[in-house]
Amino acid sequence: RFGDGSLLVRALTHSSLKKTSRDPSYERLEFLGDRVLGLIVAELLLEEFPDSAEGKLAPRLAALVSGRVLAEVAREIGLGEFIRMTEGDAAAGTNERSSVLADCCEAVIGAVYRDGGLDAVKTLVRRLWVPLLAEVEHRVAKTELQEWAQGRGLPLPRYTVVDRQGPAHAPEFTIELEISGETPVRAAGPS
């Protein structure tokens, strides 16, 4: 429970409701929440993987605090239905965009920290992120592929954007990957 409910309201207020630059929205709390989440997840990783080197923990941390995971957590707790925004943005489905869900999730984390302190936000983050520690893919495929190629004396892989479709907020890229001596492959995704 929030002692100061206005923090939660601010964390769930989209910038489309701002009439002036002084009107509240989630951006400042998102900034804070991003840092708080990183700290707590780093601590969780140190506890969960006490024998892992920093080089193994860093990619896992990056994955766990990524926009993709934040949006998944937000969807899991139904955060989208509580985001305040203009009717036009709501009708356009802005409250279900991954980027908005991720931002609001970070903002809520920032609001919990401001309202209840580190212990309160640790409780929240632990409840939502501990189940993800083993699930979230911690490998960085591009790095592994480069290491594989270099280990065989091959030049670095070459990536070419073959196509880009969709709106700016939800693009889909088709990328071709070439490695010397191998058949090129293509795949599509949001980045």
# chains A, B, ... in the order shown; residues from 1 in each chain; ligands from 1

call {"tool": "residues_around", "arguments": {"residues": "range 165-173 of chain A", "least_positions_apart": "5", "cutoff": "10 Å", "atoms": "only C-alpha atoms", "output": "compact mmCIF listing (two decimals) with N, CA, C and O atoms, in the first residue's frame"}}
result
# COMPACT_ATOMS: atom_id res chain seq x y z
N THR A 94 -2.02 2.24 -27.11
CA THR A 94 -0.73 2.68 -26.59
C THR A 94 -0.40 2.01 -25.26
O THR A 94 0.76 1.71 -24.99
N ARG A 97 1.57 -1.17 -25.78
CA ARG A 97 2.88 -1.15 -26.46
C ARG A 97 3.96 -1.57 -25.48
O ARG A 97 4.00 -1.12 -24.33
N SER A 98 4.85 -2.41 -25.92
CA SER A 98 5.91 -2.92 -25.05
C SER A 98 6.74 -1.80 -24.44
O SER A 98 7.08 -1.85 -23.26
N SER A 99 7.05 -0.78 -25.22
CA SER A 99 7.88 0.31 -24.70
C SER A 99 7.17 1.06 -23.58
O SER A 99 7.79 1.41 -22.56
N ALA A 187 16.47 -13.68 -41.03
CA ALA A 187 15.50 -13.77 -39.93
C ALA A 187 14.87 -12.40 -39.75
O ALA A 187 15.44 -11.38 -40.16
N ALA A 188 13.69 -12.39 -39.16
CA ALA A 188 12.97 -11.13 -38.93
C ALA A 188 12.72 -10.97 -37.44
O ALA A 188 12.56 -11.94 -36.70
N GLY A 189 12.72 -9.71 -37.00
CA GLY A 189 12.46 -9.41 -35.59
C GLY A 189 12.34 -7.92 -35.38
O GLY A 189 12.52 -7.12 -36.31
N PRO A 190 12.03 -7.51 -34.13
CA PRO A 190 11.78 -6.09 -33.84
C PRO A 190 13.03 -5.24 -33.69
O PRO A 190 12.93 -4.03 -33.52
N SER A 191 14.21 -5.85 -33.74
CA SER A 191 15.44 -5.06 -33.62
C SER A 191 16.55 -5.70 -34.42
O SER A 191 16.42 -6.83 -34.86

call {"tool": "select_by_dssp", "arguments": {"residues": "range 6-190 of chain A", "states": "helix (DSSP H, G or I)", "output": "PyMOL selection string"}}
result
chain A and resi 6-11+15-17+27-48+54-64+67-76+79-82+87-91+94-96+98-132+141-151

call {"tool": "closest_atom_pairs", "arguments": {"of": "range 3-61 of chain A", "to": "range 106-122 of chain A", "cutoff": "8 Å", "atoms": "only C-alpha atoms", "output": "Markdown table"}}
result
| residue | atom | partner | partner_atom | distance |
| --- | --- | --- | --- | --- |
| A:Gly3 | CA | A:Asp115 | CA | 6.4 |
| A:Asp4 | CA | A:Asp115 | CA | 6.4 |
| A:Leu7 | CA | A:Ala111 | CA | 5.4 |
| A:Leu8 | CA | A:Ala111 | CA | 6.0 |
| A:Ala11 | CA | A:Ala107 | CA | 4.8 |
| A:Leu12 | CA | A:Val108 | CA | 7.3 |
| A:Tyr26 | CA | A:Ala107 | CA | 5.7 |
| A:Glu27 | CA | A:Ala107 | CA | 7.1 |
| A:Arg28 | CA | A:Ala107 | CA | 7.6 |
| A:Leu29 | CA | A:Ala107 | CA | 4.5 |
| A:Glu30 | CA | A:Ala107 | CA | 3.7 |
| A:Phe31 | CA | A:Ala107 | CA | 7.3 |
| A:Leu32 | CA | A:Gly110 | CA | 5.2 |
| A:Gly33 | CA | A:Gly110 | CA | 3.7 |
| A:Asp34 | CA | A:Glu106 | CA | 5.6 |
| A:Val36 | CA | A:Gly110 | CA | 6.9 |
| A:Leu37 | CA | A:Ile109 | CA | 7.1 |
| A:Ile40 | CA | A:Lys122 | CA | 6.5 |

call {"tool": "closest_residue", "arguments": {"among": "A:Leu101, A:Leu154, A:Leu133, A:Leu45", "to": "Leu70 in chain A", "atoms": "only C-alpha atoms"}}
result
A:Leu101

call {"tool": "atom_distance", "arguments": {"atom1": "CA of Thr160 in chain A", "atom2": "CA of Arg186 in chain A"}}
result
9.3 Å

call {"tool": "closest_residue", "arguments": {"among": "A:Leu39, A:Ala90, A:Val73, A:Ala53", "to": "Leu128 in chain A", "atoms": "only C-alpha atoms"}}
result
A:Val73

call {"tool": "closest_residue", "arguments": {"among": "A:Leu79, A:Arg60, A:Gly88, A:Lys142", "to": "Leu46 in chain A", "atoms": "only C-alpha atoms"}}
result
A:Arg60

call {"tool": "select_by_dssp", "arguments": {"residues": "chain A", "states": "strand (DSSP E)", "output": "list in words"}}
result
Arg158, Tyr159, Thr160, Val161, Val162, Asp163, Arg164, Gln165, Glu172, Phe173, Thr174, Ile175, Glu176, Leu177, Glu178, Val185, Arg186, Ala187, Ala188 and Gly189 of chain A

call {"tool": "residues_around", "arguments": {"residues": "Val136 in chain A", "least_positions_apart": "5", "cutoff": "9 Å", "atoms": "only C-alpha atoms", "output": "PyMOL selection string"}}
result
chain A and resi 60+63-64+69

call {"tool": "atom_distance", "arguments": {"atom1": "CA of Glu135 in chain A", "atom2": "CA of Asp103 in chain A"}}
result
21.8 Å

call {"tool": "closest_residue", "arguments": {"among": "A:Ala149, A:Val65, A:Arg84, A:Pro131", "to": "Arg10 in chain A", "atoms": "only C-alpha atoms"}}
result
A:Arg84

call {"tool": "decode", "arguments": {"residues": "range 153-164 of chain A", "atoms": "all heavy atoms", "output": "short mmCIF file (atom, residue, chain, number, x, y, z; two decimals), in the first residue's frame"}}
result
data_model
loop_
_atom_site.label_atom_id
_atom_site.label_comp_id
_atom_site.auth_asym_id
_atom_site.auth_seq_id
_atom_site.Cartn_x
_atom_site.Cartn_y
_atom_site.Cartn_z
N GLY A 153 39.13 -18.85 -37.20
CA GLY A 153 39.95 -18.04 -38.09
C GLY A 153 39.15 -17.35 -39.19
O GLY A 153 39.73 -16.92 -40.19
N LEU A 154 37.84 -17.25 -39.02
CA LEU A 154 36.99 -16.61 -40.02
C LEU A 154 36.84 -15.12 -39.72
O LEU A 154 36.95 -14.71 -38.56
CB LEU A 154 35.60 -17.26 -40.03
CG LEU A 154 35.55 -18.76 -40.34
CD1 LEU A 154 34.15 -19.31 -40.11
CD2 LEU A 154 35.99 -18.99 -41.78
N PRO A 155 36.54 -14.32 -40.74
CA PRO A 155 36.27 -12.90 -40.47
C PRO A 155 34.95 -12.78 -39.68
O PRO A 155 34.16 -13.73 -39.62
CB PRO A 155 36.14 -12.28 -41.86
CG PRO A 155 35.91 -13.41 -42.79
CD PRO A 155 36.47 -14.64 -42.16
N LEU A 156 34.74 -11.61 -39.10
CA LEU A 156 33.51 -11.39 -38.34
C LEU A 156 32.28 -11.57 -39.24
O LEU A 156 32.33 -11.27 -40.44
CB LEU A 156 33.48 -9.98 -37.75
CG LEU A 156 34.47 -9.72 -36.62
CD1 LEU A 156 34.44 -8.24 -36.23
CD2 LEU A 156 34.14 -10.59 -35.42
N PRO A 157 31.17 -12.05 -38.69
CA PRO A 157 29.94 -12.16 -39.46
C PRO A 157 29.51 -10.79 -39.98
O PRO A 157 29.80 -9.76 -39.36
CB PRO A 157 28.93 -12.69 -38.44
CG PRO A 157 29.74 -13.29 -37.36
CD PRO A 157 31.02 -12.52 -37.32
N ARG A 158 28.82 -10.80 -41.12
CA ARG A 158 28.31 -9.55 -41.70
C ARG A 158 26.79 -9.57 -41.64
O ARG A 158 26.17 -10.54 -42.07
CB ARG A 158 28.80 -9.40 -43.13
CG ARG A 158 28.59 -7.97 -43.65
CD ARG A 158 29.28 -7.71 -44.94
NE ARG A 158 28.47 -8.28 -46.02
CZ ARG A 158 28.96 -8.88 -47.09
NH1 ARG A 158 30.26 -8.99 -47.25
NH2 ARG A 158 28.18 -9.36 -48.00
N TYR A 159 26.23 -8.50 -41.11
CA TYR A 159 24.77 -8.37 -40.98
C TYR A 159 24.30 -7.29 -41.94
O TYR A 159 24.86 -6.20 -41.98
CB TYR A 159 24.39 -7.96 -39.55
CG TYR A 159 24.89 -8.92 -38.50
CD1 TYR A 159 26.14 -8.75 -37.91
CD2 TYR A 159 24.11 -9.99 -38.09
CE1 TYR A 159 26.61 -9.62 -36.94
CE2 TYR A 159 24.57 -10.88 -37.13
CZ TYR A 159 25.82 -10.69 -36.55
OH TYR A 159 26.27 -11.56 -35.60
N THR A 160 23.25 -7.60 -42.71
CA THR A 160 22.70 -6.64 -43.66
C THR A 160 21.20 -6.52 -43.42
O THR A 160 20.49 -7.53 -43.36
CB THR A 160 22.93 -7.12 -45.11
OG1 THR A 160 24.33 -7.38 -45.29
CG2 THR A 160 22.47 -6.08 -46.11
N VAL A 161 20.72 -5.28 -43.29
CA VAL A 161 19.28 -5.05 -43.19
C VAL A 161 18.70 -5.19 -44.59
O VAL A 161 19.01 -4.40 -45.48
CB VAL A 161 18.96 -3.65 -42.61
CG1 VAL A 161 17.45 -3.43 -42.56
CG2 VAL A 161 19.57 -3.49 -41.22
N VAL A 162 17.88 -6.22 -44.78
CA VAL A 162 17.31 -6.51 -46.09
C VAL A 162 15.98 -5.77 -46.25
O VAL A 162 15.64 -5.32 -47.34
CB VAL A 162 17.09 -8.03 -46.25
CG1 VAL A 162 16.42 -8.35 -47.57
CG2 VAL A 162 18.42 -8.76 -46.15
N ASP A 163 15.24 -5.63 -45.15
CA ASP A 163 13.92 -5.00 -45.22
C ASP A 163 13.56 -4.43 -43.86
O ASP A 163 14.01 -4.94 -42.83
CB ASP A 163 12.87 -6.04 -45.65
CG ASP A 163 11.51 -5.41 -45.98
OD1 ASP A 163 11.48 -4.24 -46.39
OD2 ASP A 163 10.51 -6.12 -45.81
N ARG A 164 12.75 -3.37 -43.87
CA ARG A 164 12.21 -2.79 -42.65
C ARG A 164 10.77 -2.43 -42.94
O ARG A 164 10.48 -1.71 -43.89
CB ARG A 164 12.99 -1.54 -42.24
CG ARG A 164 12.47 -0.93 -40.95
CD ARG A 164 13.21 0.38 -40.62
NE ARG A 164 12.91 0.83 -39.29
CZ ARG A 164 11.88 1.59 -38.97
NH1 ARG A 164 11.03 1.99 -39.90
NH2 ARG A 164 11.66 1.96 -37.72
#
